[in-house]
Each structure stands twice: as structure tokens, then as C-alpha cells.
$ cat target-v1.txt   # compact mmCIF, C-alpha atoms and all ligand atoms
# COMPACT_ATOMS: atom_id res chain seq x y z
CA MET A 10 101.73 -116.99 -1.66
CA SER A 11 103.14 -117.08 1.86
CA LEU A 12 103.51 -120.46 3.56
CA GLU A 13 104.81 -118.81 6.73
CA GLY A 14 104.20 -121.00 9.78
CA LYS A 15 103.19 -124.04 7.73
CA THR A 16 104.78 -127.48 8.04
CA ALA A 17 105.18 -129.67 4.96
CA ILE A 18 106.17 -133.29 4.37
CA VAL A 19 107.83 -133.83 0.99
CA THR A 20 108.51 -137.46 0.08
CA GLY A 21 111.39 -138.33 -2.23
CA ALA A 22 112.94 -134.97 -1.29
CA ALA A 23 116.61 -135.99 -1.50
CA GLN A 24 116.93 -135.08 -5.17
CA GLY A 25 115.22 -134.04 -8.39
CA ILE A 26 111.69 -132.69 -8.31
CA GLY A 27 111.26 -133.46 -4.59
CA ARG A 28 114.31 -131.43 -3.67
CA ALA A 29 113.08 -128.48 -5.76
CA ILE A 30 109.67 -128.72 -4.08
CA ALA A 31 111.27 -128.76 -0.61
CA GLU A 32 113.36 -125.69 -1.41
CA THR A 33 110.51 -123.78 -3.04
CA LEU A 34 108.09 -124.41 -0.16
CA ALA A 35 110.84 -123.35 2.26
CA ARG A 36 111.48 -120.19 0.24
CA HIS A 37 107.77 -119.39 0.66
CA GLY A 38 108.13 -119.85 4.44
CA ALA A 39 107.33 -123.50 5.26
CA ASP A 40 109.26 -125.84 7.54
CA ILE A 41 110.08 -129.06 5.70
CA VAL A 42 110.16 -132.74 6.55
CA VAL A 43 112.70 -134.13 4.09
CA ALA A 44 111.45 -137.70 3.70
CA ASP A 45 113.44 -140.16 1.64
CA LEU A 46 114.98 -143.64 1.69
CA ASP A 47 118.53 -142.57 2.55
CA PRO A 48 119.01 -139.81 5.16
CA GLY A 49 122.64 -139.38 4.05
CA ARG A 50 121.49 -138.40 0.56
CA SER A 51 118.82 -136.08 2.04
CA GLN A 52 121.51 -133.95 3.73
CA ASP A 53 121.89 -131.56 0.78
CA THR A 54 118.18 -130.75 0.83
CA VAL A 55 118.22 -130.35 4.61
CA GLY A 56 121.15 -127.92 4.25
CA ALA A 57 119.37 -125.91 1.55
CA VAL A 58 116.20 -125.60 3.65
CA THR A 59 118.05 -124.50 6.78
CA LYS A 60 120.08 -122.01 4.73
CA LEU A 61 116.75 -120.44 3.78
CA GLY A 62 116.07 -119.93 7.50
CA ARG A 63 113.48 -122.72 7.85
CA ARG A 64 113.43 -125.82 10.02
CA ALA A 65 114.16 -129.16 8.36
CA LEU A 66 113.56 -132.65 9.73
CA ASN A 67 115.52 -135.43 8.02
CA VAL A 68 113.35 -138.57 8.16
CA LYS A 69 114.23 -141.94 6.69
CA VAL A 70 111.08 -143.44 5.21
CA ASN A 71 110.09 -146.06 2.69
CA VAL A 72 106.69 -144.86 1.51
CA ALA A 73 105.86 -148.40 0.36
CA ASP A 74 105.78 -149.50 4.00
CA PHE A 75 102.79 -148.22 5.99
CA ALA A 76 104.46 -148.81 9.38
CA ASP A 77 107.38 -146.63 8.28
CA VAL A 78 105.04 -143.87 7.12
CA LYS A 79 102.98 -143.99 10.31
CA ALA A 80 106.19 -143.71 12.39
CA MET A 81 107.21 -140.63 10.33
CA VAL A 82 103.86 -138.91 10.87
CA ASP A 83 103.95 -139.71 14.61
CA GLN A 84 107.47 -138.26 14.82
CA VAL A 85 106.48 -135.05 13.02
CA MET A 86 103.41 -134.62 15.24
CA LYS A 87 105.56 -135.18 18.34
CA GLU A 88 108.29 -132.74 17.27
CA TRP A 89 106.32 -130.07 15.38
CA GLY A 90 102.71 -130.60 16.52
CA LYS A 91 101.07 -130.24 13.11
CA ILE A 92 101.17 -131.18 9.43
CA ASP A 93 99.69 -128.67 7.01
CA ILE A 94 101.03 -129.85 3.66
CA LEU A 95 101.84 -133.29 2.22
CA VAL A 96 103.51 -133.65 -1.15
CA ASN A 97 103.44 -137.24 -2.39
CA ASN A 98 106.43 -137.02 -4.70
CA ALA A 99 108.42 -140.26 -4.17
CA GLY A 100 108.21 -142.33 -7.32
CA ILE A 101 110.11 -144.86 -9.40
CA THR A 102 110.17 -146.38 -12.88
CA ARG A 103 110.91 -149.97 -13.96
CA ASP A 104 110.36 -149.73 -17.70
CA GLY A 105 109.85 -152.51 -20.23
CA LEU A 106 107.43 -153.60 -22.92
CA LEU A 107 104.50 -155.44 -21.38
CA LEU A 108 105.31 -158.92 -22.73
CA ARG A 109 108.70 -158.73 -21.08
CA MET A 110 107.66 -156.89 -17.92
CA LYS A 111 108.41 -158.93 -14.83
CA GLU A 112 105.68 -159.22 -12.24
CA GLU A 113 108.07 -157.92 -9.58
CA ASP A 114 108.65 -154.72 -11.61
CA TRP A 115 104.90 -154.26 -12.03
CA ASN A 116 104.34 -154.74 -8.30
CA LEU A 117 107.24 -152.56 -7.15
CA VAL A 118 106.14 -149.55 -9.22
CA LEU A 119 102.55 -149.84 -7.98
CA GLN A 120 103.77 -150.38 -4.41
CA VAL A 121 105.85 -147.17 -4.36
CA ASN A 122 103.91 -144.82 -6.65
CA LEU A 123 100.34 -145.75 -5.75
CA ASN A 124 100.44 -147.52 -2.39
CA GLY A 125 103.02 -144.99 -1.14
CA THR A 126 100.60 -142.18 -1.97
CA PHE A 127 97.79 -144.08 -0.20
CA HIS A 128 99.94 -144.71 2.90
CA CYS A 129 101.12 -141.10 3.33
CA THR A 130 97.69 -139.61 2.61
CA LYS A 131 95.93 -141.96 5.04
CA ALA A 132 98.49 -141.22 7.76
CA VAL A 133 98.19 -137.40 7.55
CA LEU A 134 94.41 -137.25 7.23
CA SER A 135 93.82 -137.72 10.92
CA PRO A 136 95.85 -134.64 12.02
CA MET A 137 94.64 -132.62 9.01
CA THR A 138 90.94 -133.29 9.57
CA LYS A 139 91.33 -132.51 13.29
CA GLN A 140 92.91 -129.14 12.53
CA ARG A 141 90.36 -128.55 9.72
CA PHE A 142 93.11 -127.58 7.31
CA GLY A 143 95.25 -129.52 4.89
CA ARG A 144 96.85 -129.35 1.49
CA ILE A 145 97.75 -132.61 -0.24
CA VAL A 146 99.51 -132.48 -3.60
CA ASN A 147 100.15 -135.74 -5.45
CA ILE A 148 102.76 -135.90 -8.19
CA ALA A 149 101.18 -137.77 -11.11
CA SER A 150 102.57 -137.70 -14.67
CA ILE A 151 101.68 -136.81 -18.24
CA VAL A 152 102.13 -140.54 -18.87
CA GLY A 153 99.15 -141.29 -16.60
CA ALA A 154 96.98 -139.24 -18.97
CA MET A 155 98.35 -140.23 -22.39
CA GLY A 156 100.20 -143.56 -21.91
CA ASN A 157 103.76 -144.28 -23.00
CA ALA A 158 105.13 -147.41 -24.67
CA GLY A 159 107.36 -149.26 -22.20
CA GLN A 160 105.72 -147.80 -19.10
CA ALA A 161 102.51 -149.81 -18.53
CA ASN A 162 103.27 -150.17 -14.81
CA TYR A 163 104.23 -146.52 -14.35
CA ALA A 164 101.31 -145.17 -16.44
CA ALA A 165 98.84 -147.37 -14.54
CA SER A 166 100.22 -146.14 -11.21
CA LYS A 167 100.00 -142.48 -12.20
CA ALA A 168 96.50 -142.78 -13.73
CA ALA A 169 95.46 -144.44 -10.47
CA VAL A 170 96.97 -141.56 -8.48
CA ILE A 171 94.70 -139.19 -10.45
CA GLY A 172 91.56 -141.22 -9.60
CA PHE A 173 92.71 -141.44 -5.99
CA THR A 174 93.25 -137.65 -5.87
CA LYS A 175 89.72 -136.88 -7.10
CA THR A 176 88.13 -139.35 -4.68
CA VAL A 177 89.98 -138.19 -1.56
CA ALA A 178 89.25 -134.58 -2.60
CA ARG A 179 85.53 -135.38 -2.49
CA GLU A 180 85.79 -137.27 0.81
CA TYR A 181 87.61 -134.55 2.79
CA ALA A 182 86.46 -131.25 1.24
CA SER A 183 84.05 -130.73 4.14
CA ARG A 184 87.07 -130.75 6.52
CA LEU A 185 88.82 -128.12 4.39
CA VAL A 186 91.51 -130.55 3.23
CA THR A 187 92.19 -129.98 -0.46
CA VAL A 188 93.69 -132.75 -2.59
CA ASN A 189 95.15 -131.98 -6.00
CA ALA A 190 97.61 -133.49 -8.45
CA VAL A 191 100.41 -132.00 -10.50
CA ALA A 192 101.14 -133.96 -13.66
CA PRO A 193 104.63 -133.13 -14.94
CA GLY A 194 105.66 -133.73 -18.53
CA PHE A 195 109.26 -134.74 -19.19
CA ILE A 196 111.47 -133.11 -16.56
CA ASP A 197 115.26 -132.98 -16.49
CA THR A 198 116.11 -135.22 -13.49
CA ALA A 199 117.87 -138.52 -12.80
CA MET A 200 114.68 -140.26 -13.96
CA THR A 201 115.04 -138.90 -17.51
CA GLN A 202 118.81 -138.41 -17.66
CA GLY A 203 119.23 -142.03 -18.78
CA LEU A 204 117.15 -141.49 -21.92
CA PRO A 205 119.21 -141.72 -25.14
CA ALA A 206 119.96 -138.34 -26.77
CA GLU A 207 117.85 -139.14 -29.84
CA VAL A 208 114.82 -139.96 -27.66
CA LYS A 209 115.24 -136.64 -25.85
CA GLU A 210 115.49 -134.83 -29.19
CA THR A 211 112.28 -136.49 -30.43
CA LEU A 212 110.53 -135.61 -27.17
CA GLN A 213 111.67 -132.01 -27.38
CA LYS A 214 110.10 -131.69 -30.85
CA GLN A 215 106.73 -132.67 -29.32
CA ILE A 216 106.90 -129.92 -26.68
CA PRO A 217 105.51 -126.58 -27.92
CA LEU A 218 107.66 -124.67 -25.41
CA GLY A 219 110.68 -126.40 -26.97
CA ARG A 220 112.48 -127.77 -23.89
CA LEU A 221 112.28 -130.39 -21.18
CA GLY A 222 110.92 -129.04 -17.91
CA GLN A 223 113.08 -128.13 -14.94
CA PRO A 224 112.29 -129.38 -11.40
CA SER A 225 111.55 -125.76 -10.44
CA ASP A 226 108.75 -125.61 -13.07
CA VAL A 227 106.96 -128.38 -11.16
CA ALA A 228 107.84 -126.98 -7.74
CA GLU A 229 106.21 -123.60 -8.44
CA ALA A 230 102.93 -125.32 -9.41
CA VAL A 231 103.02 -127.43 -6.23
CA SER A 232 103.72 -124.36 -4.16
CA PHE A 233 100.66 -122.59 -5.58
CA LEU A 234 98.37 -125.57 -4.85
CA ALA A 235 99.77 -125.73 -1.29
CA SER A 236 99.09 -122.05 -0.64
CA ASP A 237 96.06 -120.20 0.68
CA ALA A 238 95.66 -118.74 -2.82
CA ALA A 239 94.46 -122.17 -4.01
CA GLY A 240 91.91 -122.65 -1.22
CA TYR A 241 88.99 -123.07 -3.65
CA ILE A 242 90.75 -125.64 -5.85
CA THR A 243 90.35 -129.34 -5.08
CA GLY A 244 90.33 -132.54 -7.14
CA HIS A 245 92.24 -130.75 -9.90
CA VAL A 246 95.05 -132.08 -12.10
CA LEU A 247 97.48 -129.31 -13.02
CA HIS A 248 99.52 -130.25 -16.10
CA VAL A 249 103.05 -128.85 -16.19
CA ASN A 250 104.35 -130.11 -19.52
CA GLY A 251 105.35 -127.24 -21.81
CA GLY A 252 102.16 -127.80 -23.82
CA MET A 253 103.02 -131.40 -24.78
CA LEU A 254 99.54 -132.53 -23.72
CA MET A 255 96.73 -130.01 -23.57
CA ALA A 256 94.22 -131.86 -21.40
P1 LIG A 301 114.18 -139.02 -8.90
O1 LIG A 301 115.19 -138.02 -9.31
O2 LIG A 301 114.43 -140.46 -9.16
O3 LIG A 301 113.88 -138.80 -7.34
C1 LIG A 301 112.95 -139.60 -6.65
C2 LIG A 301 113.33 -139.64 -5.17
O4 LIG A 301 112.37 -140.49 -4.51
C3 LIG A 301 114.72 -140.27 -4.95
O5 LIG A 301 115.41 -139.56 -3.95
C4 LIG A 301 114.35 -141.67 -4.50
O6 LIG A 301 115.34 -142.29 -3.70
C5 LIG A 301 113.08 -141.42 -3.70
N1 LIG A 301 112.32 -142.65 -3.50
C6 LIG A 301 112.20 -143.70 -4.35
N2 LIG A 301 111.48 -144.68 -3.78
C7 LIG A 301 111.14 -144.25 -2.54
C8 LIG A 301 110.44 -144.84 -1.46
N3 LIG A 301 109.93 -146.07 -1.55
N4 LIG A 301 110.27 -144.13 -0.31
C9 LIG A 301 110.81 -142.89 -0.20
N5 LIG A 301 111.51 -142.28 -1.18
C10 LIG A 301 111.68 -142.96 -2.34
O7 LIG A 301 112.76 -138.72 -9.57
P2 LIG A 301 112.12 -137.34 -10.07
O8 LIG A 301 112.30 -137.26 -11.53
O9 LIG A 301 112.53 -136.22 -9.20
O10 LIG A 301 110.58 -137.69 -9.83
C11 LIG A 301 109.84 -137.25 -8.72
C12 LIG A 301 108.36 -137.54 -8.95
O11 LIG A 301 107.93 -136.91 -10.16
C13 LIG A 301 108.05 -139.03 -9.14
O12 LIG A 301 106.80 -139.34 -8.56
C14 LIG A 301 107.96 -139.17 -10.65
O13 LIG A 301 107.17 -140.27 -11.03
C15 LIG A 301 107.33 -137.85 -11.01
N6 LIG A 301 107.54 -137.46 -12.41
C16 LIG A 301 108.79 -137.28 -12.91
C17 LIG A 301 108.94 -136.90 -14.24
C18 LIG A 301 110.29 -136.67 -14.86
O14 LIG A 301 110.32 -136.48 -16.10
N7 LIG A 301 111.36 -136.67 -14.12
C19 LIG A 301 107.80 -136.71 -15.05
C20 LIG A 301 106.56 -136.92 -14.50
C21 LIG A 301 106.42 -137.28 -13.17
P3 LIG A 301 116.40 -143.28 -4.43
O15 LIG A 301 117.11 -142.45 -5.45
O16 LIG A 301 117.25 -143.74 -3.28
O17 LIG A 301 115.58 -144.37 -5.06
$ encode --input "target-v1.txt" --output "C-alpha cells" --more "lines below"
Ligand code: NAP
Amino acid sequence: MSLEGKTAIVTGAAQGIGRAIAETLARHGADIVVADLDPGRSQDTVGAVTKLGRRALNVKVNVADFADVKAMVDQVMKEWGKIDILVNNAGITRDGLLLRMKEEDWNLVLQVNLNGTFHCTKAVLSPMTKQRFGRIVNIASIVGAMGNAGQANYAASKAAVIGFTKTVAREYASRLVTVNAVAPGFIDTAMTQGLPAEVKETLQKQIPLGRLGQPSDVAEAVSFLASDAAGYITGHVLHVNGGMLMA
């Protein structure tokens, strides 16, 4: 599964799943654009990638802003000349039962999780179609497939990412750009660390493999879909959830 010579943009790479993806792709040989809101907080990931002997570019980007995303892609093309892999990982939650959900929380989650994925994908398609090679991996969620009380905005955004993935896969297959999604279950990151202990315990009982996932569990799946080994896979949703949902 060598990614030697490949360049990859990983959004939301400062921490959590994004950081694990950046490190795993680097371990397989890719150079990494560490794209996140705060370049100071991205430094740890940049350090880990360079320690693995790969190049890292620390880029401040808000994926919700198309101009920001376009500037990032222009910078990467100027400095590295190509983009082989895009991992749309940046994502947020603003939970609440629907009756109490504020419109701004609905909009913000859709703006980052869905529009951010649209912005980054649209911006890399031009270089990828020209080079007739590309691997796009979108991070969806188990919640996009099965729903979750308190997460109407988040579930809607992730279900939409799945529909988006399948459509773009159909549109760009002829240019040898594959587009897939990884749908993690409940993963041990800052996003889930705030859950009360009893909620975590209840969740754990619903997971046949008996534990929450680790960021590396997701990163290995992403790495496979980004590799040449997955060249005949497109429009697929790979569930990484310990068996919690067998879709
Ligand atoms: P995390 O620990 O909160 O990390 C997300 C990263 O994305 C943070 O560094 C965050 O920066 C950054 N980010 C947020 N908004 C951004 C924006 N507009 N532009 C650029 N970067 C932005 O989350 P995670 O748990 O690693 O989740 C990563 C992805 O996996 C998300 O798409 C999430 O929905 C998905 N996922 C997670 C789980 C889980 O159980 N953890 C399960 C299923 C799917 P700030 O910290 O500064 O906001």
C-alpha cells in the first residue's frame, strides 16, 4: 500500500482522526498538507509528519469558506505541483433536540461538514482531472446512516456527504478520480470525550467488538482507499464501527 511520491491534503488534521490520517498517510510515503483552522495547533501534526521523513505544509484554512479553500489549493499547486489525495475530514457537532436546535447551529454544521466537503472537492477536481488521477475520501459517520437523537443537523450533513460521494464518484470515474466515504462509528476523540460515562458505557454495549474505535482504526481504512490497491473501488461507503451497524 505504498503512497510514495503522492501528495495529500487532510482537512481538520490538527487533532483526532485527521491527525491520525495525516500520520498514517505519511507513514505509507505521502507528503501531507496539514489543513486546519489554527496553524499553531497543527504544529504537532506537522512535526509528526516530518519526523516520518515526509514533507508537511501547514496551511490555515476554514473549509466553510470557498475563497480560503481555493487559496489553499493554489498554494499547494504552486509549491508542490500536484494533489493526488484529498481527505475531507474537518467536521463539527452542535447537538440538541430538534425543537430546541437553533437555526445558526443547523446552518453552521451544514456549512462546515457538507459545504466544506463540496468546497474542497470542487477545488481539487481541476488538478486531479488534468492529471487523470485522484483519490478523494470523505469522512461521513455511522450517524448519517442510522440517525442519532440530538444530532439532526450532524446526521443530515453526513447523510448528504454520502449522497455527494456517490454522485461525484459517477461524474469523475472516467477521469480516474475515485471518490469514497469512510463512515466511522464512535471514535475516541475530543468530539466524543465530552460524552457522559454512562452514555459511553451504553454505546460500548452496542458495539460487538466491545470498544470505542481509535483514530488509527479510521486512518487505516482511509489509507487503503487512498492507495493504488483500491483503484477499482469508487462510490463506496466503508463502515468502520466495530460492528455497531452492519450496513
Ligand atoms: P475533532 O477532534 O473535533 O477534530 C476536528 C478538527 O477539524 C479540529 O482540529 C477542528 O479545529 C477542525 N475543524 C473544525 N472546523 C473546521 C473548519 N471549518 N475548517 C478547517 N478545520 C476545521 O473531531 P474528530 O473526532 O477527529 O472528527 C473528525 C471527522 O470524523 C469529522 O468529520 C467527524 O464528523 C467525523 N467523525 C467522528 C466521529 C467520532 O466519534 N469522533 C465519528 C464519526 C465521524 P477546531 O478544534 O479548532 O475546531
$ atom_distance --input "target-v1.txt" --atom1 "CA of Gly194 in chain A" --atom2 "CA of Ile26 in chain A"
11.9 Å
$ closest_atom_pairs --input "target-v1.txt" --of "chain A" --to "ligand LIG 301 (chain A)" --cutoff "8 Å" --atoms "all atoms listed in the file" --output "JSON lines"
{"residue": "A:Thr20", "atom": "CA", "partner": "A:LIG301", "partner_atom": "N5", "distance": 5.8}
{"residue": "A:Gly21", "atom": "CA", "partner": "A:LIG301", "partner_atom": "O4", "distance": 3.3}
{"residue": "A:Ala22", "atom": "CA", "partner": "A:LIG301", "partner_atom": "O5", "distance": 5.9}
{"residue": "A:Ala23", "atom": "CA", "partner": "A:LIG301", "partner_atom": "O5", "distance": 4.5}
{"residue": "A:Gln24", "atom": "CA", "partner": "A:LIG301", "partner_atom": "O5", "distance": 4.9}
{"residue": "A:Gly25", "atom": "CA", "partner": "A:LIG301", "partner_atom": "O9", "distance": 3.6}
{"residue": "A:Ile26", "atom": "CA", "partner": "A:LIG301", "partner_atom": "O9", "distance": 3.7}
{"residue": "A:Gly27", "atom": "CA", "partner": "A:LIG301", "partner_atom": "O9", "distance": 5.5}
{"residue": "A:Arg28", "atom": "CA", "partner": "A:LIG301", "partner_atom": "O9", "distance": 7.5}
{"residue": "A:Ala44", "atom": "CA", "partner": "A:LIG301", "partner_atom": "C9", "distance": 6.5}
{"residue": "A:Asp45", "atom": "CA", "partner": "A:LIG301", "partner_atom": "N5", "distance": 4.0}
{"residue": "A:Leu46", "atom": "CA", "partner": "A:LIG301", "partner_atom": "C9", "distance": 4.6}
{"residue": "A:Asp47", "atom": "CA", "partner": "A:LIG301", "partner_atom": "O16", "distance": 6.1}
{"residue": "A:Arg50", "atom": "CA", "partner": "A:LIG301", "partner_atom": "O5", "distance": 7.7}
{"residue": "A:Ser51", "atom": "CA", "partner": "A:LIG301", "partner_atom": "O5", "distance": 7.7}
{"residue": "A:Lys69", "atom": "CA", "partner": "A:LIG301", "partner_atom": "C9", "distance": 7.8}
{"residue": "A:Val70", "atom": "CA", "partner": "A:LIG301", "partner_atom": "C9", "distance": 5.4}
{"residue": "A:Asn71", "atom": "CA", "partner": "A:LIG301", "partner_atom": "N4", "distance": 3.6}
{"residue": "A:Val72", "atom": "CA", "partner": "A:LIG301", "partner_atom": "N4", "distance": 4.1}
{"residue": "A:Ala73", "atom": "CA", "partner": "A:LIG301", "partner_atom": "N3", "distance": 5.1}
{"residue": "A:Asp74", "atom": "CA", "partner": "A:LIG301", "partner_atom": "N3", "distance": 7.7}
{"residue": "A:Asn97", "atom": "CA", "partner": "A:LIG301", "partner_atom": "O12", "distance": 7.3}
{"residue": "A:Asn98", "atom": "CA", "partner": "A:LIG301", "partner_atom": "O12", "distance": 4.5}
{"residue": "A:Ala99", "atom": "CA", "partner": "A:LIG301", "partner_atom": "O4", "distance": 4.0}
{"residue": "A:Gly100", "atom": "CA", "partner": "A:LIG301", "partner_atom": "O12", "distance": 3.5}
{"residue": "A:Ile101", "atom": "CA", "partner": "A:LIG301", "partner_atom": "C6", "distance": 5.6}
{"residue": "A:Thr102", "atom": "CA", "partner": "A:LIG301", "partner_atom": "O13", "distance": 7.1}
{"residue": "A:Val121", "atom": "CA", "partner": "A:LIG301", "partner_atom": "N3", "distance": 5.1}
{"residue": "A:Asn122", "atom": "CA", "partner": "A:LIG301", "partner_atom": "O12", "distance": 6.5}
{"residue": "A:Gly125", "atom": "CA", "partner": "A:LIG301", "partner_atom": "N3", "distance": 7.0}
{"residue": "A:Ile148", "atom": "CA", "partner": "A:LIG301", "partner_atom": "O12", "distance": 5.3}
{"residue": "A:Ala149", "atom": "CA", "partner": "A:LIG301", "partner_atom": "C21", "distance": 5.7}
{"residue": "A:Ser150", "atom": "CA", "partner": "A:LIG301", "partner_atom": "C20", "distance": 4.1}
{"residue": "A:Ile151", "atom": "CA", "partner": "A:LIG301", "partner_atom": "C20", "distance": 6.1}
{"residue": "A:Val152", "atom": "CA", "partner": "A:LIG301", "partner_atom": "C20", "distance": 7.2}
{"residue": "A:Tyr163", "atom": "CA", "partner": "A:LIG301", "partner_atom": "O13", "distance": 7.7}
{"residue": "A:Lys167", "atom": "CA", "partner": "A:LIG301", "partner_atom": "O13", "distance": 7.6}
{"residue": "A:Ala192", "atom": "CA", "partner": "A:LIG301", "partner_atom": "C20", "distance": 6.2}
{"residue": "A:Pro193", "atom": "CA", "partner": "A:LIG301", "partner_atom": "C20", "distance": 4.3}
{"residue": "A:Gly194", "atom": "CA", "partner": "A:LIG301", "partner_atom": "C19", "distance": 5.1}
{"residue": "A:Phe195", "atom": "CA", "partner": "A:LIG301", "partner_atom": "O14", "distance": 3.7}
{"residue": "A:Ile196", "atom": "CA", "partner": "A:LIG301", "partner_atom": "O14", "distance": 3.6}
{"residue": "A:Asp197", "atom": "CA", "partner": "A:LIG301", "partner_atom": "N7", "distance": 5.9}
{"residue": "A:Thr198", "atom": "CA", "partner": "A:LIG301", "partner_atom": "O8", "distance": 4.7}
{"residue": "A:Ala199", "atom": "CA", "partner": "A:LIG301", "partner_atom": "O1", "distance": 4.4}
{"residue": "A:Met200", "atom": "CA", "partner": "A:LIG301", "partner_atom": "O8", "distance": 4.5}
{"residue": "A:Thr201", "atom": "CA", "partner": "A:LIG301", "partner_atom": "N7", "distance": 5.5}
{"residue": "A:Gly222", "atom": "CA", "partner": "A:LIG301", "partner_atom": "O14", "distance": 7.7}
{"residue": "A:Pro224", "atom": "CA", "partner": "A:LIG301", "partner_atom": "O9", "distance": 7.2}
$ closest_residue --input "target-v1.txt" --among "A:Thr211, A:Phe127, A:Arg64, A:Gln84" --to "Val177 in chain A" --atoms "only C-alpha atoms"
A:Phe127
$ closest_residue --input "target-v1.txt" --among "A:Pro205, A:Gly252, A:Gly38, A:Gly105" --to "Asn162 in chain A" --atoms "all atoms listed in the file"
A:Gly105
$ atom_distance --input "target-v1.txt" --atom1 "CA of Met86 in chain A" --atom2 "CA of Ile41 in chain A"
12.9 Å
$ closest_residue --input "target-v1.txt" --among "A:Leu34, A:Leu123, A:Ala238, A:Ala182" --to "Ala168 in chain A" --atoms "only C-alpha atoms"
A:Leu123
$ closest_residue --input "target-v1.txt" --among "A:Ile18, A:Lys91, A:Thr33, A:Met255" --to "Leu66 in chain A" --atoms "all atoms listed in the file"
A:Ile18
$ axis_aligned_box --input "target-v1.txt" --around "range 181-193 of chain A" --padding-each-side "3 Å" --output "lines of an AutoDock Vina configuration file"
center_x = 94.3
center_y = -131.3
center_z = -4.2
size_x = 26.6
size_y = 12.4
size_z = 27.5
$ closest_residue --input "target-v1.txt" --among "A:Lys79, A:Lys175, A:Lys209, A:Arg109" --to "Ala132 in chain A" --atoms "all atoms listed in the file"
A:Lys79
